[in-house]
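Visitor: Just so it is clear, I am handing over upload_20.txt, which has compact mmCIF, C-alpha atoms.
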# COMPACT_ATOMS: atom_id res chain seq x y z
CA MET A 318 0.00 0.00 0.00
CA THR A 319 1.39 3.40 -0.95
CA ILE A 320 2.09 6.05 1.66
CA ARG A 321 -0.58 8.29 0.12
CA ARG A 322 -3.21 5.58 0.52
CA GLN A 323 -2.06 4.91 4.05
CA PHE A 324 -2.44 8.57 4.98
CA ASN A 325 -5.84 8.69 3.25
CA LEU A 326 -6.91 5.70 5.31
CA LEU A 327 -5.62 7.39 8.44
CA LEU A 328 -7.49 10.60 7.60
CA ALA A 329 -10.68 8.67 6.88
CA SER A 330 -10.36 6.91 10.23
CA ILE A 331 -9.93 10.20 12.06
CA ILE A 332 -13.10 11.51 10.40
CA ILE A 333 -15.19 8.35 10.76
CA VAL A 334 -14.65 7.84 14.50
CA PRO A 335 -16.16 11.22 15.55
CA LEU A 336 -19.01 10.70 13.08
CA LEU A 337 -19.79 7.34 14.63
CA CYS A 338 -19.74 8.90 18.06
CA VAL A 339 -22.15 11.61 16.92
CA SER A 340 -24.39 9.06 15.20
CA PHE A 341 -24.57 7.17 18.49
CA ILE A 342 -26.83 9.89 19.94
CA PRO A 343 -29.78 9.48 17.53
CA LEU A 344 -29.17 5.74 17.60
CA TYR A 345 -29.55 5.74 21.36
CA VAL A 346 -32.68 7.87 21.15
CA TYR A 347 -34.15 5.52 18.60
CA PHE A 348 -33.48 2.35 20.58
CA THR A 349 -34.69 3.86 23.86
CA SER A 350 -37.89 5.36 22.44
CA PRO A 351 -40.97 3.97 24.24
CA GLU A 352 -42.88 3.85 20.98
CA ARG A 353 -40.72 0.89 19.95
CA MET A 354 -42.08 -1.16 22.86
CA LEU A 355 -45.69 0.06 23.16
CA ILE A 356 -48.47 -1.20 20.96
CA HIS A 357 -48.00 0.68 17.73
CA ASN A 358 -51.69 1.21 17.11
CA TYR A 359 -52.60 2.52 20.54
CA LYS A 360 -53.42 5.90 19.01
CA SER A 361 -56.15 4.25 16.97
CA PHE A 362 -58.35 4.13 20.09
CA LYS A 363 -59.00 7.80 19.54
CA ARG A 364 -61.18 6.79 16.62
CA THR A 365 -63.28 4.34 18.68
CA ASP A 366 -66.26 4.85 21.00
CA MET A 367 -64.68 2.87 23.83
CA ILE A 368 -63.36 6.04 25.46
CA GLN A 369 -64.99 9.44 25.36
CA LEU A 370 -62.14 11.97 25.49
CA SER A 371 -61.60 15.39 24.05
CA ASP A 372 -58.74 16.09 21.70
CA ASN A 373 -56.86 17.82 24.49
CA ASP A 374 -57.35 14.82 26.79
CA TRP A 375 -56.08 12.50 24.06
CA ASP A 376 -52.93 14.64 23.71
CA ILE A 377 -52.39 14.45 27.46
CA LEU A 378 -52.80 10.66 27.36
CA PHE A 379 -50.40 10.26 24.42
CA LYS A 380 -47.73 12.39 26.12
CA TYR A 381 -48.08 10.39 29.30
CA VAL A 382 -47.69 7.07 27.49
CA HIS A 383 -44.80 8.41 25.42
CA ARG A 384 -42.82 9.28 28.54
CA MET A 385 -42.87 5.67 29.68
CA PRO A 386 -39.41 3.98 29.53
CA ARG A 387 -38.98 1.38 26.81
CA ASN A 388 -38.59 -1.53 29.23
CA VAL A 389 -41.82 -0.78 31.13
CA GLU A 390 -44.90 -2.86 30.34
CA ILE A 391 -48.22 -0.99 30.54
CA SER A 392 -51.94 -1.59 30.41
CA LEU A 393 -54.51 1.15 29.87
CA LEU A 394 -57.57 0.33 31.98
CA ALA A 395 -61.08 1.83 31.97
CA LEU A 396 -62.67 1.44 35.42
CA ASN A 397 -66.40 0.80 35.39
CA GLU A 398 -68.37 -2.01 36.96
CA THR A 399 -65.60 -4.19 35.61
CA VAL A 400 -62.07 -3.45 34.45
CA ASN A 401 -61.92 -2.94 30.68
CA ILE A 402 -58.46 -3.49 29.23
CA LEU A 403 -58.08 -1.05 26.35
CA ILE A 404 -54.40 -1.53 25.41
CA SER A 405 -51.80 -3.76 26.99
CA THR A 406 -48.24 -5.01 26.62
CA MET A 407 -48.53 -7.26 29.69
CA GLN A 408 -48.72 -11.02 29.44
CA GLY A 409 -51.95 -12.17 31.14
CA LEU A 410 -53.78 -8.92 30.47
CA ASN A 411 -55.06 -9.03 26.94
CA ALA A 412 -56.33 -5.93 25.15
CA ASN A 413 -60.05 -5.56 24.37
CA THR A 414 -61.07 -7.79 27.27
CA SER A 415 -62.80 -7.21 30.61
CA ILE A 416 -61.96 -8.70 34.02
CA GLU A 417 -63.14 -8.32 37.56
CA TYR A 418 -61.31 -6.18 40.04
CA SER A 419 -60.46 -9.25 42.07
CA GLN A 420 -58.90 -10.94 39.06
CA LEU A 421 -56.70 -7.90 38.43
CA LEU A 422 -55.51 -7.92 42.02
CA ASP A 423 -54.83 -11.67 41.86
CA ILE A 424 -52.64 -11.17 38.78
CA VAL A 425 -50.70 -8.44 40.56
CA ALA A 426 -50.36 -10.52 43.74
CA THR A 427 -49.14 -13.68 41.99
CA THR A 428 -46.46 -11.86 39.95
CA GLN A 429 -45.27 -9.26 42.41
CA ASN A 430 -42.21 -11.36 43.26
CA ARG A 431 -41.02 -10.85 39.67
CA TYR A 432 -42.29 -7.34 38.89
CA PHE A 433 -42.52 -3.91 40.38
CA TYR A 434 -46.08 -2.60 39.84
CA GLN A 435 -47.31 0.96 39.78
CA PHE A 436 -50.76 2.45 39.26
CA GLY A 437 -50.99 5.88 37.75
CA GLY A 438 -52.61 7.97 35.11
CA PRO A 439 -52.53 11.28 33.29
CA ASP A 440 -53.87 14.45 34.80
CA PHE A 441 -56.94 15.53 32.86
CA GLY A 442 -57.52 18.57 35.06
CA GLU A 443 -61.08 19.13 36.19
CA ASN A 444 -62.34 16.62 33.63
CA LYS A 445 -62.37 13.54 35.80
CA GLN A 446 -61.89 10.33 33.93
CA ASN A 447 -62.07 6.71 35.03
CA LEU A 448 -58.85 5.80 33.20
CA LEU A 449 -55.96 4.07 34.94
CA ILE A 450 -52.54 3.02 33.67
CA LEU A 451 -50.97 -0.04 35.22
CA SER A 452 -47.21 -0.31 34.65
CA ARG A 453 -44.67 -2.89 35.69
CA ILE A 454 -40.97 -3.69 35.23
CA LYS A 455 -38.97 -6.82 35.93
CA LYS A 456 -37.02 -6.70 39.18
CA THR A 457 -33.95 -8.56 37.89
CA SER A 458 -33.47 -6.96 34.49
CA ARG A 459 -34.38 -3.36 35.03
CA GLN A 460 -30.85 -2.01 34.96
CA SER A 461 -29.48 -4.48 32.42
CA ARG A 462 -32.21 -3.74 29.88
CA ARG A 463 -31.91 -0.05 30.42
CA PHE A 464 -28.24 -0.02 29.60
CA GLY A 465 -28.03 -3.03 27.28
CA ILE A 466 -28.14 -1.05 24.06
CA ILE A 467 -25.76 1.54 25.46
CA ARG A 468 -23.21 -1.09 26.46
CA TYR A 469 -23.55 -2.80 23.09
CA SER A 470 -23.03 0.48 21.22
CA ILE A 471 -20.08 1.46 23.38
CA ALA A 472 -18.51 -1.96 22.77
CA ILE A 473 -18.83 -1.46 19.02
CA LEU A 474 -17.29 1.98 19.21
CA LEU A 475 -14.42 0.76 21.37
CA SER A 476 -13.78 -2.14 19.01
CA PHE A 477 -13.72 0.17 16.04
CA ALA A 478 -11.49 2.66 17.86
CA THR A 479 -9.12 -0.19 18.75
CA LEU A 480 -9.02 -1.27 15.12
CA ILE A 481 -8.27 2.30 14.03
CA PHE A 482 -5.54 2.53 16.66
CA ILE A 483 -3.95 -0.69 15.38
CA ILE A 484 -4.10 0.60 11.78
CA ILE A 485 -2.50 3.90 12.82
CA VAL A 486 0.27 2.07 14.68
CA ARG A 487 0.93 -0.23 11.71
CA ILE A 488 1.00 2.65 9.24
CA SER A 489 3.29 4.71 11.46
CA HIS A 490 5.61 1.75 12.09
CA ASN A 491 5.72 0.93 8.38
CA ILE A 492 6.61 4.47 7.37
CA PHE A 493 9.05 5.32 10.14
CA SER A 494 10.85 1.97 10.17
CA SER A 495 11.43 2.24 6.41
CA ILE A 496 12.67 5.81 6.78
CA THR A 497 14.95 4.74 9.66
CA ILE A 498 16.44 1.89 7.63
CA LEU A 499 16.89 4.17 4.65
CA GLU A 500 18.59 6.78 6.83
CA GLU A 501 20.93 4.20 8.36
CA ARG A 502 21.92 2.78 4.98
CA ALA A 503 22.38 6.24 3.48
CA GLN A 504 24.62 7.17 6.42
CA LYS A 505 26.71 4.05 5.80
CA ILE A 506 27.06 5.03 2.16
CA ALA A 507 28.10 8.53 3.25
CA ASP A 508 30.70 6.93 5.55
CA GLY A 509 32.06 4.86 2.68
CA ASP A 510 30.52 1.49 3.64
CA LEU A 511 28.91 0.16 0.46
CA SER A 512 28.51 -3.44 1.56
CA ALA A 513 24.93 -3.34 2.90
CA PRO A 514 22.17 -3.43 0.24
CA LEU A 515 19.14 -1.16 0.71
CA ILE A 516 16.37 -2.57 -1.41
CA ASN A 517 15.86 -6.08 0.01
CA GLU A 518 15.19 -5.01 3.58
CA LEU A 519 13.00 -2.11 2.54
CA GLN A 520 10.90 -4.30 0.24
CA GLU A 521 9.92 -6.38 3.26
CA ASN A 522 8.40 -3.23 4.82
CA ASN A 523 6.20 -2.74 1.74
CA SER A 524 6.44 1.03 1.41
CA ASN A 525 6.35 1.80 -2.29
CA GLU A 526 7.45 5.43 -2.43
CA ILE A 527 10.34 4.75 -0.08
CA ILE A 528 11.27 1.67 -2.10
CA SER A 529 11.31 3.85 -5.22
CA LEU A 530 13.73 6.19 -3.48
CA ALA A 531 15.72 3.21 -2.20
CA GLU A 532 15.99 1.80 -5.72
CA ASN A 533 17.67 5.00 -6.85
CA LEU A 534 19.98 4.92 -3.84
CA GLU A 535 20.71 1.26 -4.56
CA LYS A 536 21.68 2.18 -8.11
CA MET A 537 23.92 4.87 -6.67
CA ARG A 538 25.47 2.34 -4.25
CA MET A 539 26.13 -0.14 -7.07
CA SER A 540 27.56 2.65 -9.19
CA LEU A 541 29.88 3.64 -6.35
CA LEU A 542 30.89 0.00 -5.89
CA ASP A 543 31.60 -0.26 -9.61
CA SER A 544 33.52 3.00 -9.46
CA GLN A 545 35.63 1.65 -6.59
CA GLU A 546 36.35 -1.52 -8.52
CA ARG A 547 37.17 0.44 -11.65
CA ARG A 548 39.46 2.71 -9.63
CA SER A 549 41.22 -0.31 -8.15
CA ASN A 550 41.63 -1.90 -11.56
CA PHE A 551 42.69 1.44 -12.92
CA ILE A 552 45.51 1.76 -10.38
CA MET A 553 46.62 -1.84 -10.90
CA GLY A 554 46.55 -1.36 -14.67
CA ILE A 555 48.61 1.80 -14.44
CA SER A 556 51.13 0.08 -12.19
CA HIS A 557 51.45 -2.85 -14.58
CA ASP A 558 51.46 -1.06 -17.92
CA LEU A 559 53.70 1.84 -16.94
CA ARG A 560 56.27 -0.40 -15.26
CA THR A 561 57.46 -2.00 -18.49
CA PRO A 562 58.45 1.11 -20.50
CA ILE A 563 59.90 2.76 -17.39
CA ALA A 564 62.00 -0.31 -16.66
CA VAL A 565 63.30 -0.32 -20.26
CA ILE A 566 64.12 3.39 -20.17
CA LYS A 567 65.81 3.02 -16.79
CA GLY A 568 67.82 0.00 -17.94
CA TYR A 569 69.15 1.63 -21.11
CA THR A 570 69.82 4.91 -19.29
CA GLU A 571 71.89 3.15 -16.61
CA ALA A 572 73.70 1.13 -19.25
CA LEU A 573 74.66 4.31 -21.10
CA SER A 574 75.66 6.12 -17.90
CA ASP A 575 77.84 3.22 -16.73
CA ASN A 576 79.47 2.90 -20.17
CA VAL A 577 78.16 -0.61 -20.50
CA ILE A 578 77.17 0.26 -24.07
CA THR A 579 80.10 1.87 -25.91
CA ASN A 580 79.53 0.92 -29.52
CA PRO A 581 78.24 4.01 -31.39
CA ARG A 582 75.66 1.96 -33.29
CA GLU A 583 74.46 0.39 -30.05
CA ILE A 584 74.32 3.79 -28.40
CA THR A 585 72.19 5.17 -31.26
CA LYS A 586 69.93 2.13 -31.12
CA SER A 587 69.58 2.56 -27.34
CA PHE A 588 68.54 6.18 -27.75
CA GLU A 589 65.99 5.13 -30.36
CA ILE A 590 64.55 2.57 -27.95
CA ILE A 591 64.46 5.16 -25.14
CA ASN A 592 62.70 7.60 -27.48
CA THR A 593 60.19 4.94 -28.55
CA LYS A 594 59.41 4.03 -24.95
CA THR A 595 59.14 7.70 -24.02
CA ASN A 596 56.57 8.23 -26.79
CA GLN A 597 54.78 5.13 -25.59
CA LEU A 598 54.65 6.55 -22.06
CA GLU A 599 53.35 9.86 -23.41
CA ASN A 600 50.59 8.11 -25.34
CA MET A 601 49.67 6.05 -22.29
CA ILE A 602 49.42 9.14 -20.11
CA ASP A 603 47.31 10.96 -22.72
CA SER A 604 44.97 7.96 -22.93
CA LEU A 605 44.70 7.80 -19.15
CA ILE A 606 43.90 11.51 -18.91
CA ASN A 607 41.23 11.14 -21.58
CA PHE A 608 39.75 8.17 -19.76
CA ILE A 609 39.68 10.03 -16.43
CA LYS A 610 37.82 12.91 -18.09
CA LEU A 611 35.30 10.51 -19.57
CA ASP A 612 34.81 8.85 -16.20
CA SER A 613 34.09 12.15 -14.44
CA THR A 614 31.75 15.06 -15.00
CA ASP A 615 34.43 17.27 -16.59
CA TRP A 616 33.79 15.97 -20.09
CA ARG A 617 30.05 16.56 -19.96
CA GLN A 618 29.48 19.47 -22.29
CA LYS A 619 26.37 20.81 -23.88
CA PHE A 620 25.72 18.73 -26.99
CA MET A 621 25.17 20.59 -30.25
CA PRO A 622 23.25 19.38 -33.31
CA GLU A 623 25.80 18.26 -35.89
CA SER A 624 25.36 16.91 -39.40
CA VAL A 625 26.26 13.23 -39.20
CA TYR A 626 27.19 13.20 -42.88
CA ASP A 627 29.66 16.07 -42.49
CA VAL A 628 31.38 14.56 -39.45
CA VAL A 629 31.74 11.04 -40.85
CA ALA A 630 32.71 12.24 -44.35
CA GLU A 631 35.38 14.51 -42.88
CA PHE A 632 36.77 11.63 -40.86
CA GLY A 633 36.61 9.29 -43.87
CA LYS A 634 38.69 11.61 -46.03
CA SER A 635 41.45 11.89 -43.43
CA SER A 636 41.37 8.12 -42.89
CA VAL A 637 42.03 7.44 -46.59
CA ILE A 638 45.23 9.49 -46.34
CA THR A 639 46.27 7.67 -43.15
CA GLY A 640 45.61 4.33 -44.83
CA THR A 641 48.16 5.04 -47.55
CA VAL A 642 50.84 5.55 -44.91
CA PHE A 643 50.13 2.13 -43.36
CA ASN A 644 49.56 0.44 -46.73
CA ARG A 645 45.86 -0.27 -46.08
CA LYS A 646 43.01 -0.03 -48.58
CA VAL A 647 40.76 2.50 -46.80
CA THR A 648 37.35 3.38 -48.29
CA TYR A 649 34.36 5.30 -47.00
CA ASN A 650 30.75 5.60 -48.08
CA VAL A 651 28.32 7.83 -46.16
CA ASP A 652 24.76 7.27 -47.38
CA ILE A 653 23.18 9.78 -44.97
CA SER A 654 21.32 12.95 -45.81
CA PRO A 655 23.37 16.06 -44.96
CA ASP A 656 20.23 17.55 -43.39
CA ILE A 657 20.09 14.91 -40.65
CA LYS A 658 21.52 16.37 -37.47
CA ILE A 659 22.03 14.65 -34.13
CA ASP A 660 22.97 16.25 -30.81
CA MET A 661 26.55 15.30 -29.96
CA ASP A 662 29.96 16.41 -28.82
CA LYS A 663 31.76 16.40 -32.17
CA GLN A 664 35.25 16.00 -30.72
CA LEU A 665 34.24 13.05 -28.57
CA PHE A 666 32.54 11.39 -31.53
CA LEU A 667 35.63 11.87 -33.68
CA ARG A 668 37.76 10.42 -30.87
CA ALA A 669 35.57 7.31 -30.82
CA LEU A 670 35.89 6.91 -34.60
CA GLU A 671 39.64 7.46 -34.37
CA ASN A 672 40.01 4.73 -31.75
CA LEU A 673 38.00 2.28 -33.84
CA PHE A 674 40.00 3.15 -36.97
CA SER A 675 43.32 2.85 -35.09
CA ASN A 676 42.33 -0.64 -33.92
CA ALA A 677 41.41 -1.58 -37.48
CA ILE A 678 44.88 -0.48 -38.67
CA ARG A 679 46.68 -2.11 -35.75
CA TYR A 680 44.99 -5.52 -36.04
CA SER A 681 45.16 -5.86 -39.81
CA ASN A 682 48.03 -6.60 -42.13
CA GLU A 683 49.49 -4.69 -45.03
CA GLY A 684 47.19 -4.88 -48.02
CA ASP A 685 44.07 -5.51 -45.89
CA SER A 686 40.97 -3.38 -46.31
CA VAL A 687 39.37 -0.94 -43.89
CA SER A 688 35.98 0.55 -44.69
CA ILE A 689 34.00 3.35 -43.00
CA SER A 690 30.31 3.49 -43.84
CA GLY A 691 27.21 5.38 -42.82
CA ALA A 692 23.55 4.56 -43.44
CA GLN A 693 20.23 5.96 -42.29
CA THR A 694 16.91 4.43 -41.26
CA PRO A 695 13.67 6.19 -40.32
CA THR A 696 14.70 6.06 -36.66
CA SER A 697 18.51 6.11 -36.55
CA CYS A 698 21.87 6.63 -38.23
CA ILE A 699 24.23 3.65 -38.37
CA ILE A 700 28.00 4.14 -38.52
CA SER A 701 30.31 1.15 -39.13
CA VAL A 702 34.09 0.67 -39.10
CA SER A 703 35.15 -2.66 -40.68
CA ASP A 704 38.43 -4.37 -41.40
CA THR A 705 39.64 -7.62 -42.93
CA GLY A 706 42.22 -8.17 -40.22
CA ILE A 707 42.93 -10.93 -37.71
CA GLY A 708 39.50 -10.79 -36.01
CA ILE A 709 38.47 -11.48 -32.39
CA ALA A 710 37.59 -14.85 -30.88
CA GLN A 711 33.90 -15.35 -30.07
CA LYS A 712 34.54 -15.97 -26.37
CA GLU A 713 36.48 -12.70 -26.04
CA GLN A 714 33.97 -10.41 -27.74
CA ALA A 715 31.90 -9.98 -24.54
CA HIS A 716 34.89 -8.44 -22.71
CA ILE A 717 36.54 -6.22 -25.30
CA PHE A 718 34.92 -3.08 -23.85
CA ASP A 719 36.16 -3.85 -20.32
CA MET A 720 38.90 -1.61 -19.05
CA PHE A 721 42.44 -3.06 -19.37
CA TYR A 722 41.11 -6.14 -21.16
CA ARG A 723 43.23 -7.21 -24.11
CA ALA A 724 42.23 -10.06 -26.35
CA SER A 725 44.77 -12.78 -27.02
CA SER A 726 45.09 -11.67 -30.64
CA SER A 727 46.06 -8.14 -29.53
CA ARG A 728 48.74 -8.99 -27.01
CA ARG A 729 51.48 -8.73 -29.57
CA GLU A 730 50.66 -4.99 -29.70
CA GLU A 731 51.62 -2.42 -27.10
CA GLY A 732 48.81 -0.72 -25.21
CA MET A 733 46.82 -0.71 -21.99
CA GLY A 734 43.50 -1.99 -23.26
CA ILE A 735 41.42 1.12 -22.58
CA GLY A 736 40.84 2.38 -26.15
CA LEU A 737 37.57 0.47 -26.64
CA THR A 738 36.52 1.35 -23.08
CA ILE A 739 36.80 5.02 -24.02
CA VAL A 740 34.73 4.37 -27.14
CA LYS A 741 32.07 2.61 -25.07
CA ASN A 742 31.93 5.47 -22.57
CA ILE A 743 31.58 8.05 -25.34
CA VAL A 744 28.78 6.07 -27.00
CA ASP A 745 26.97 5.52 -23.70
CA SER A 746 27.28 9.17 -22.72
CA HIS A 747 25.39 10.12 -25.89
CA GLY A 748 22.70 7.50 -25.33
CA TRP A 749 23.81 5.51 -28.38
CA LYS A 750 24.53 1.79 -28.82
CA ILE A 751 27.64 -0.01 -30.02
CA ALA A 752 27.98 -3.62 -31.19
CA VAL A 753 30.75 -5.80 -32.58
CA GLU A 754 30.80 -8.65 -35.09
CA SER A 755 34.02 -10.54 -35.66
CA GLU A 756 35.46 -13.82 -36.89
CA LEU A 757 39.01 -15.02 -36.49
CA GLY A 758 40.99 -14.63 -39.71
CA LYS A 759 38.23 -12.72 -41.50
CA GLY A 760 37.99 -9.38 -39.76
CA THR A 761 35.93 -7.23 -37.40
CA THR A 762 33.07 -4.74 -37.72
CA PHE A 763 32.13 -2.17 -35.04
CA THR A 764 28.68 -0.57 -35.45
CA ILE A 765 27.41 2.55 -33.69
CA VAL A 766 23.63 3.15 -33.70
CA MET A 767 22.63 6.79 -33.18
CA PRO A 768 18.89 7.39 -32.59
CA ARG A 769 17.42 10.27 -34.56
CA THR A 770 15.53 12.93 -32.62
Kindly return the structure encoded in the file as structure tokens.
Guide:
Amino acid sequence: MTIRRQFNLLLASIIIVPLLCVSFIPLYVYFTSPERMLIHNYKSFKRTDMIQLSDNDWDILFKYVHRMPRNVEISLLALNETVNILISTMQGLNANTSIEYSQLLDIVATTQNRYFYQFGGPDFGENKQNLLILSRIKKTSRQSRRFGIIRYSIAILLSFATLIFIIIVRISHNIFSSITILEERAQKIADGDLSAPLINELQENNSNEIISLAENLEKMRMSLLDSQERRSNFIMGISHDLRTPIAVIKGYTEALSDNVITNPREITKSFEIINTKTNQLENMIDSLINFIKLDSTDWRQKFMPESVYDVVAEFGKSSVITGTVFNRKVTYNVDISPDIKIDMDKQLFLRALENLFSNAIRYSNEGDSVSISGAQTPTSCIISVSDTGIGIAQKEQAHIFDMFYRASSSRREEGMGIGLTIVKNIVDSHGWKIAVESELGKGTTFTIVMPRT
């Protein structure tokens, strides 16, 4: 149940309880009304000739009868030579019958151990009437009957109030326990402890809005965990990949300083190796800086609508020139309307294409082909970079975008294995998709799908 529904239920309960208490008053009046116990047609005697009363006397009689408590039995008697029973709620005294005075007294005498009797009658003023009202009430049940309905009603109200109290307690416990758990877990995250999950324990408390918040916090926790793991791998990767060129540079430098290498040709060759390793270090550091920018918020710039055709065609032209240097057959074909524009960071997109093209050059042989193509569909633009190089094994294709991962076919090449990770981050940051198709010995194709807006 959502928190809004729980509060609505709580509000309804707060309103209903006072209304029930107020409705108890007319309910009590209804159940204690003497008209519910008296003969319902006793007013019909006004239309008979059995009693000769004026309208005013009838009103006095009705008011007198109406004031009788509901648990009192009555008989309206007309006293003449005999006792005429006009109306009656008493067992043994039937209406519309006549009895002797002695019989009436016998009935009273034989039942007085069970009833309290009282003779009375309305005051008709100077108009003397021979009417008498005999009333009686049971000795043992007078109080219990009087308060029976009241006790029953109070019991209902108390039961309902108890139920409302239980509901309020459950709602409050549900809300506050979930908030407490969420606060504790959030504090642990703030303190750097990312081991305790949020969502499982909160789901048991069944608080939907809080669970929705917890789901976002859980995503944040998992992202922080992933970031920690990536940072750890990042540091280990740096330590491993930078150690090799540094060790080579250090070794040749010490050899030159200690005059271990004295041959001029060997000295020149050593300097060439040192220069090569220095350039390698520079490229590694540049790649690491680029990756750090992509993995932080510094790179996030406002995207601008760019013509996909112009960007890819520009890159294709420069790639053809680069291909001639490396003796590769580079072609490009961009079948995309120049009017189609997609929001992007142009420099980041070009960097992604450059990394894909560099891999195609690196993992292909002289004379192989590299093609860059672009196509459009009603919903997207599709950019592909293909080569006829050595290819990637099927089992390794799922990991090629992982940081520092290097496929077995690429280990003969120098690098840290973060080029494709950068490409993946760039593509993801734009909300695009990237896929790879490859076969050993036949080549590889990387495809970027860019949704059109």
Visitor: Hey, what's within 10 Å of Ile481 of chain A if we count all atoms listed in the file and toss same-chain stuff fewer than 2 positions away? As a list in words, please?
Guide: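 Everything that qualifies: Leu326, Leu327, Ala329, Ser330, Ile331, Ile333, Val334, Leu475, Ser476, Phe477, Ala478, Thr479, Ile483, Ile484, Ile485, Val486 and Arg487 of chain A.
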Visitor: Find the distance between atom CA of Ala426 of chain A and atom CA of Ile450 of chain A and write it in Å to one decimal.
Guide: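 Distance between the two atoms: 17.0 Å.
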Visitor: Just give me the gap between atom CA of Ser635 of chain A and atom CA of Tyr649 of chain A in Å, one decimal is fine.
Guide: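 Taking atom CA of Ser635 of chain A as the start and atom CA of Tyr649 of chain A as the end point, the length is 10.3 Å.
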Visitor: (-46.2, -4.7, 34.2) in this file's frame - what residues fall within 7 Å of it? Use only C-alpha atoms and give the answer as a PyMOL selection string.
Guide: chain A and resi 389-391+407+432+434+451-454
Visitor: Could you jot down the atom CA of Asp510 of chain A to atom CA of Leu530 of chain A separation for me, Å, one decimal place?
Guide: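 Interatomic distance here is 18.8 Å.
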Visitor: Would you kindly return, as number ranges by chain, each protein, DNA or RNA residue with an atom no farther than 8 Å from any atom of segment 412-421 of chain A, considering all atoms listed in the file and excluding same-chain residues fewer than 3 positions away?
Guide: A: 399-405, 424-425
Visitor: Quick one: residues within 6 Å of segment 653-668 of chain A, all atoms listed in the file, excluding same-chain residues fewer than 2 positions away - as number ranges by chain?
Guide: A: 620-626, 651, 670-671, 692-693
Visitor: For those residues, write C-alpha atoms to a file as a PDB file, keeping the file's coordinate frame.
Guide:
ATOM      1  CA  PHE A 620      25.720  18.730 -26.990  1.00  0.00           C
ATOM      2  CA  MET A 621      25.170  20.590 -30.250  1.00  0.00           C
ATOM      3  CA  PRO A 622      23.250  19.380 -33.310  1.00  0.00           C
ATOM      4  CA  GLU A 623      25.800  18.260 -35.890  1.00  0.00           C
ATOM      5  CA  SER A 624      25.360  16.910 -39.400  1.00  0.00           C
ATOM      6  CA  VAL A 625      26.260  13.230 -39.200  1.00  0.00           C
ATOM      7  CA  TYR A 626      27.190  13.200 -42.880  1.00  0.00           C
ATOM      8  CA  VAL A 651      28.320   7.830 -46.160  1.00  0.00           C
ATOM      9  CA  LEU A 670      35.890   6.910 -34.600  1.00  0.00           C
ATOM     10  CA  GLU A 671      39.640   7.460 -34.370  1.00  0.00           C
ATOM     11  CA  ALA A 692      23.550   4.560 -43.440  1.00  0.00           C
ATOM     12  CA  GLN A 693      20.230   5.960 -42.290  1.00  0.00           C
TER      13      GLN A 693
END
Visitor: For Gly691 of chain A, which residue among A:Ile707, A:Met767, A:Lys712, A:Thr639 is the nearest when counting only C-alpha atoms?
Guide: A:Met767
Visitor: Taking all atoms listed in the file into account, name the residue in A:Ala752, A:Leu410, A:Leu534, A:Ala677 that is nearest to Leu394 of chain A.
Guide: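 Answer, going by the shortest atom-to-atom distance: A:Leu410.
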Visitor: Can you work out which one of A:His383, A:Lys759, A:Lys741, A:His747 has the shortest atom-to-atom distance to Tyr680 of chain A, counting only C-alpha atoms?
Guide: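 Smallest separation from Tyr680 of chain A among the options: A:Lys759.
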Visitor: Contacts of Val642 of chain A at 12 Å or less, counting all atoms listed in the file, minus same-chain residues fewer than 6 places along, as number ranges by chain?
Guide: A: 635-636, 678, 683-684
Visitor: Please list as a PyMOL selection string every residue within 9 Å of Gly633 of chain A, counting all atoms listed in the file and excluding residues in the same chain fewer than 5 positions away.
Guide: chain A and resi 628+638+647-651+688-690
